[in-house]
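Here the structure comes first, spelled out in structure tokens, and everything after it is commentary.
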2 protein chains.
Amino acid sequence: MTELAKKRRAVSQVTAEDVARVLGVSQSTISRAFTASASIAEDTKRRVLKTANALGYRPNVIARSLITRRTNIVAVVMDNLTDPCNALFLDALSQRIQNCSCQTLLFIPAAGQDVEDILPTLLQYQVDAIVITSATLSSTMARTCALRETPVVLFNRYVPGLDIHAVSCDNEAGGRLVAEFLIKTSHVRPAYVSGLPDATTNIDRKRGFISRLDELGVTSWLIEEGGDYGHEAGYAAAKRLVGRRDRPDAIFFASDIMAFGGIEALREIGLRIPEDVSVIGFDDVPMAAWPSHGLTTIRQPVKEMAGEAIALVGLGSLESASPEPRTSFIPGTLVERTSTIDRRR
Amino acid sequence: MTELAKKRRAVSQVTAEDVARVLGVSQSTISRAFTASASIAEDTKRRVLKTANALGYRPNVIARSLITRRTNIVAVVMDNLTDPCNALFLDALSQRIQNCSCQTLLFIPAAGQDVEDILPTLLQYQVDAIVITSATLSSTMARTCALRETPVVLFNRYVPGLDIHAVSCDNEAGGRLVAEFLIKTSHVRPAYVSGLPDATTNIDRKRGFISRLDELGVTSWLIEEGGDYGHEAGYAAAKRLVGRRDRPDAIFFASDIMAFGGIEALREIGLRIPEDVSVIGFDDVPMAAWPSHGLTTIRQPVKEMAGEAIALVGLGSLESASPEPRTSFIPGTLVERTSTIDRRR
DNA sequence: TTGAAAGCGCTACCAG
DNA sequence: CTGGTAGCGCTTTCAA
């Protein structure tokens, strides 16, 4: 033991042993008082709890986890907290995790570092489950986790071929909702501004949108590549889009943040929203509700998604991590605000 | 050992013992190979690392922490991730924490739950340090932590009387910067819209602003109470403010988010920014840079603040948590954008 | 219901 | 430099 450790021990930590000595009982008894399932006399338990409290004793969950093999820690891997949408996710996830008497251990990959590099470190912490909201997982790594029986769930993304849990908003259905809404409100020339080209979120939103337009007999839609999900991307794409002769009368942006950029571009040009162009986003971040945006958008069911993710890794009910990997798609809802209009009126 | 534990053990975890057996060395040797300071033959170390890797062995940091009394876990208590400013803080803090080979354990108080309720749980995790960005700490709790030698630092807040580390932006200096800037650019009737009345952030920004105006001989300033730091609050306060006969020619909002609300209100009324009214915020959240806002604001030195917080709790350099409690104020900088104008021109 | 004892996986000391 | 040994604080058998 180092000097530091000795000193710490001396000053600080009250152990079960200490409580036992004071009460003249065995250390096991102290342990039992803090284990719900253990058999202990009601009276003994009360006495233990009382003096434990007086001495400031609380079980060391780290030591406990060595035996129980449960740390009550869930790892969340997330790459960009600055994105309001991610902040929403993390918030919902931690709440749910805390509801299961666990805590969130956060892993933010440094620039140029990917999940693969982080996973070994992460596993050293013996976490009970892993939620990955950034990037995805190689099948090798998935296997490593499976071998250790550490359940993993991808959040807001999925990999069709991979044997791993995943939870995502039903982005395709969301895209379809938008298509229906725009056609119902008599738009004739809708456009989609795409986000990160390879993200399933982007691909599915786009596919749902286009396929539903198709089903409804609309063929004159436009596609504009944003490049990423950012404000700049939305701004630039909107500028390009309205520069065309066949200007769209409605633009569906792959994310709210892009839509905000788009709104800015449109206003700069002098176009009115929604009179000249309707704008729709995706996510429903808090800012979408601000009157200046009044953004019609698809609300991601963040709480339900978080709940489902935690359920899949079997946190709520001990031991019941769903054995066969499942991908859950949770439907979002369209929130109508002032950035869209019914063109018949 | 429960059935679950047994099963897990059987399938998953490779221990130092396993590696030792394969190599025909002692388990201590395996441990040494993973301890930088331990003395071990270069060749032995290489062999250990190689087969450890082949077997998929990595030291169990939880077990290690039982002896070393360092978990390499830092608790961060934060109440509202949805606030972009908090997201910025958490992002910076985790980065810094990870740079010290530690990880962030997140604690989000549930509604109606305060830090006091959380602290016991938190301490059970034997974290190496605690960063509190929500609320503050009673002196009792501060003493509990001191007794356990778990360093604590308040972030973005401080309590003058309390014997505890704290890091904050120099909000007073920030307020003074704003006052100077507005007067230098020939504003004659500045206003301050306050945030949460009792927050040190709000009080200090206001005091700095007013006192510097005073020093500069300006006496015709206005104060409007926002009530909190939100968008709505800024919106409502701005409406009240410009409804007055003696309308201000510049408004300093206690936060960027409030300023966005204010901008919205002003535009709604038909006032131009900055021609009719200059607007200044505080924080410099990413949205402030969006052209639609172009918000002149005080940038909080988030990275420096995070660095200082981590330094104060002595994470970088083992054992060197600053013994006497210190409050660090880090100066912010004024970022000039398009929401303000020089009125002489 | 309780106490004694055996570890969980690891580090840190003590001999050699 | 290496192996043996004694724990870290706790849970969980096994007897009593």
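Chains: A, B, ... in order of the structure tokens. Residues: from 1 per chain. Ligands: from 1, in order shown.
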Counting only C-alpha atoms (C1' of nucleotides), what is within 8 Å of segment 222-231 of chain B, bar same-chain residues fewer than 2 positions away, as a VMD selection string?
(chain A and resid 290) or (chain B and resid 189 to 197 220 233 to 237 241 248 254 to 255 257 to 262)
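Within 8 Å of chain C, and using only C-alpha atoms (C1' of nucleotides), the residues found on chain B are B:Thr15, B:Ala16, B:Ser31, B:Pro59, B:Asn60, B:Ala63, B:Arg64, B:Leu66, B:Ile67, B:Thr68.
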Go ahead and dump the residues you just picked, N, CA and C atoms, as an mmCIF file, in the first residue's frame.
data_model
loop_
_atom_site.group_PDB
_atom_site.id
_atom_site.type_symbol
_atom_site.label_atom_id
_atom_site.label_comp_id
_atom_site.auth_asym_id
_atom_site.auth_seq_id
_atom_site.Cartn_x
_atom_site.Cartn_y
_atom_site.Cartn_z
ATOM 1 N N THR B 15 -8.297 -13.483 -16.562
ATOM 2 C CA THR B 15 -7.629 -12.839 -15.435
ATOM 3 C C THR B 15 -6.112 -12.938 -15.570
ATOM 4 N N ALA B 16 -5.446 -12.182 -14.722
ATOM 5 C CA ALA B 16 -3.989 -12.190 -14.715
ATOM 6 C C ALA B 16 -3.488 -13.606 -14.443
ATOM 7 N N SER B 31 0.980 -8.578 -13.342
ATOM 8 C CA SER B 31 0.634 -7.274 -12.788
ATOM 9 C C SER B 31 1.721 -6.249 -13.091
ATOM 10 N N PRO B 59 -6.224 -5.578 -17.519
ATOM 11 C CA PRO B 59 -6.420 -5.528 -16.067
ATOM 12 C C PRO B 59 -7.811 -5.008 -15.714
ATOM 13 N N ASN B 60 -8.377 -5.568 -14.697
ATOM 14 C CA ASN B 60 -9.668 -5.136 -14.183
ATOM 15 C C ASN B 60 -9.432 -3.904 -13.300
ATOM 16 N N ALA B 63 -10.944 -3.940 -9.723
ATOM 17 C CA ALA B 63 -10.195 -4.690 -8.715
ATOM 18 C C ALA B 63 -8.952 -3.905 -8.302
ATOM 19 N N ARG B 64 -8.310 -3.317 -9.301
ATOM 20 C CA ARG B 64 -7.103 -2.535 -9.015
ATOM 21 C C ARG B 64 -7.397 -1.407 -8.037
ATOM 22 N N LEU B 66 -9.379 -1.121 -5.754
ATOM 23 C CA LEU B 66 -9.590 -1.524 -4.363
ATOM 24 C C LEU B 66 -8.289 -1.355 -3.576
ATOM 25 N N ILE B 67 -7.195 -1.598 -4.242
ATOM 26 C CA ILE B 67 -5.890 -1.472 -3.588
ATOM 27 C C ILE B 67 -5.301 -0.088 -3.721
ATOM 28 N N THR B 68 -5.302 0.410 -4.938
ATOM 29 C CA THR B 68 -4.647 1.698 -5.166
ATOM 30 C C THR B 68 -5.467 2.846 -4.601
#
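Per DSSP on the backbone, strand (DSSP E) in segment 277-321 of chain A comprises Ser278, Val279, Ile280, Gly281, Phe282, Asp283, Thr296, Thr297, Ile298 and Arg299 of chain A.
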Taking only residues of chain B that have an atom at most 8 Å from an atom of chain D, what is each one's shortest atom pair and its distance in Å to one decimal, using only C-alpha atoms (C1' of nucleotides), in chain and number order, as a Markdown table?
| residue | atom | partner | partner_atom | distance |
| --- | --- | --- | --- | --- |
| B:Met1 | CA | D:DT12 | C1' | 5.9 |
| B:Ser26 | CA | D:DG3 | C1' | 6.1 |
| B:Ser28 | CA | D:DG3 | C1' | 7.6 |
| B:Thr29 | CA | D:DT2 | C1' | 7.3 |
| B:Ser39 | CA | D:DC1 | C1' | 6.9 |
| B:Ile40 | CA | D:DC1 | C1' | 5.9 |
| B:Ala41 | CA | D:DC1 | C1' | 6.4 |
| B:Leu66 | CA | D:DC8 | C1' | 4.8 |
| B:Ile67 | CA | D:DC8 | C1' | 4.7 |
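Checking B:Leu119, B:Ile183, B:Ala311, B:Ala173 one by one against chain A, counting only C-alpha atoms, you find the shortest gap at B:Leu119.
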| message | Using only C-alpha atoms and a cut-off of 7 Å, which residues of chain B sit close to chain A? Please list them as a ChimeraX atom specification. | response | /B:1,5,8,11-13,58-63,66,68-69,81-82,87-88,91,103-107,124-125,147-149,264,292
Problem set entry | In segment 45-116 of chain A, DSSP helix (DSSP H, G or I) residues written as JSON, numbers by chain | {"A": [45, 46, 47, 48, 49, 50, 51, 52, 53, 54, 55, 61, 62, 63, 64, 65, 66, 67, 68, 84, 85, 86, 87, 88, 89, 90, 91, 92, 93, 94, 95, 96, 97, 98, 99, 115, 116]}
Let me see the file: selected residues, N, CA and C atoms, as a short mmCIF file (atom, residue, chain, number, x, y, z; two decimals), in the first residue's frame.
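Output file part18.cif follows:
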data_model
loop_
_atom_site.label_atom_id
_atom_site.label_comp_id
_atom_site.auth_asym_id
_atom_site.auth_seq_id
_atom_site.Cartn_x
_atom_site.Cartn_y
_atom_site.Cartn_z
N LYS A 45 -31.20 -5.64 11.85
CA LYS A 45 -31.07 -4.78 10.69
C LYS A 45 -31.22 -3.32 11.08
N ARG A 46 -32.24 -3.05 11.88
CA ARG A 46 -32.49 -1.68 12.30
C ARG A 46 -31.28 -1.13 13.05
N ARG A 47 -30.76 -1.92 13.96
CA ARG A 47 -29.62 -1.46 14.75
C ARG A 47 -28.41 -1.19 13.85
N VAL A 48 -28.17 -2.09 12.93
CA VAL A 48 -27.03 -1.92 12.03
C VAL A 48 -27.17 -0.63 11.23
N LEU A 49 -28.36 -0.48 10.63
CA LEU A 49 -28.58 0.69 9.79
C LEU A 49 -28.39 1.99 10.59
N LYS A 50 -28.81 1.92 11.83
CA LYS A 50 -28.73 3.12 12.65
C LYS A 50 -27.28 3.52 12.91
N THR A 51 -26.51 2.58 13.42
CA THR A 51 -25.12 2.95 13.72
C THR A 51 -24.31 3.16 12.44
N ALA A 52 -24.66 2.43 11.40
CA ALA A 52 -23.98 2.66 10.12
C ALA A 52 -24.15 4.12 9.73
N ASN A 53 -25.35 4.58 9.86
CA ASN A 53 -25.66 5.95 9.52
C ASN A 53 -24.88 6.92 10.41
N ALA A 54 -24.86 6.58 11.70
CA ALA A 54 -24.16 7.45 12.64
C ALA A 54 -22.67 7.54 12.30
N LEU A 55 -22.11 6.43 11.89
CA LEU A 55 -20.68 6.42 11.57
C LEU A 55 -20.40 6.92 10.15
N VAL A 61 -19.41 0.26 -3.29
CA VAL A 61 -20.01 -0.48 -4.41
C VAL A 61 -18.94 -1.08 -5.32
N ILE A 62 -17.77 -0.49 -5.28
CA ILE A 62 -16.68 -1.01 -6.10
C ILE A 62 -16.25 -2.38 -5.59
N ALA A 63 -16.07 -2.47 -4.28
CA ALA A 63 -15.70 -3.76 -3.68
C ALA A 63 -16.81 -4.77 -3.91
N ARG A 64 -18.03 -4.32 -3.76
CA ARG A 64 -19.16 -5.22 -3.95
C ARG A 64 -19.17 -5.80 -5.37
N SER A 65 -18.88 -4.93 -6.32
CA SER A 65 -19.00 -5.36 -7.71
C SER A 65 -18.00 -6.47 -8.05
N LEU A 66 -16.94 -6.54 -7.28
CA LEU A 66 -15.94 -7.57 -7.53
C LEU A 66 -16.57 -8.95 -7.37
N ILE A 67 -17.48 -9.05 -6.44
CA ILE A 67 -18.14 -10.33 -6.18
C ILE A 67 -19.40 -10.49 -7.02
N THR A 68 -20.23 -9.47 -6.99
CA THR A 68 -21.52 -9.59 -7.68
C THR A 68 -21.36 -9.54 -9.19
N PRO A 84 -27.22 19.67 -30.26
CA PRO A 84 -28.36 19.68 -29.33
C PRO A 84 -29.11 18.35 -29.31
N CYS A 85 -29.10 17.69 -30.44
CA CYS A 85 -29.80 16.43 -30.54
C CYS A 85 -29.11 15.37 -29.67
N ASN A 86 -27.82 15.35 -29.68
CA ASN A 86 -27.07 14.44 -28.83
C ASN A 86 -27.28 14.77 -27.35
N ALA A 87 -27.31 16.04 -27.04
CA ALA A 87 -27.55 16.44 -25.66
C ALA A 87 -28.89 15.89 -25.19
N LEU A 88 -29.87 15.95 -26.06
CA LEU A 88 -31.19 15.40 -25.77
C LEU A 88 -31.10 13.91 -25.50
N PHE A 89 -30.36 13.23 -26.33
CA PHE A 89 -30.18 11.78 -26.18
C PHE A 89 -29.52 11.45 -24.84
N LEU A 90 -28.42 12.13 -24.58
CA LEU A 90 -27.67 11.83 -23.36
C LEU A 90 -28.52 12.10 -22.14
N ASP A 91 -29.25 13.17 -22.18
CA ASP A 91 -30.12 13.51 -21.07
C ASP A 91 -31.11 12.39 -20.81
N ALA A 92 -31.79 11.96 -21.85
CA ALA A 92 -32.80 10.89 -21.71
C ALA A 92 -32.15 9.59 -21.25
N LEU A 93 -31.02 9.27 -21.83
CA LEU A 93 -30.34 8.02 -21.47
C LEU A 93 -29.94 8.01 -19.99
N SER A 94 -29.32 9.10 -19.53
CA SER A 94 -28.86 9.11 -18.14
C SER A 94 -30.03 9.01 -17.19
N GLN A 95 -31.11 9.68 -17.52
CA GLN A 95 -32.28 9.61 -16.64
C GLN A 95 -32.72 8.17 -16.50
N ARG A 96 -32.85 7.51 -17.62
CA ARG A 96 -33.30 6.12 -17.61
C ARG A 96 -32.31 5.23 -16.87
N ILE A 97 -31.06 5.46 -17.09
CA ILE A 97 -30.02 4.67 -16.44
C ILE A 97 -30.09 4.87 -14.92
N GLN A 98 -30.28 6.11 -14.52
CA GLN A 98 -30.38 6.38 -13.09
C GLN A 98 -31.63 5.75 -12.49
N ASN A 99 -32.67 5.68 -13.26
CA ASN A 99 -33.89 5.02 -12.78
C ASN A 99 -33.65 3.55 -12.45
N VAL A 115 -14.52 4.20 -32.01
CA VAL A 115 -15.07 3.34 -30.96
C VAL A 115 -14.17 2.16 -30.66
N GLU A 116 -13.58 1.63 -31.69
CA GLU A 116 -12.70 0.46 -31.53
C GLU A 116 -11.58 0.74 -30.54
#
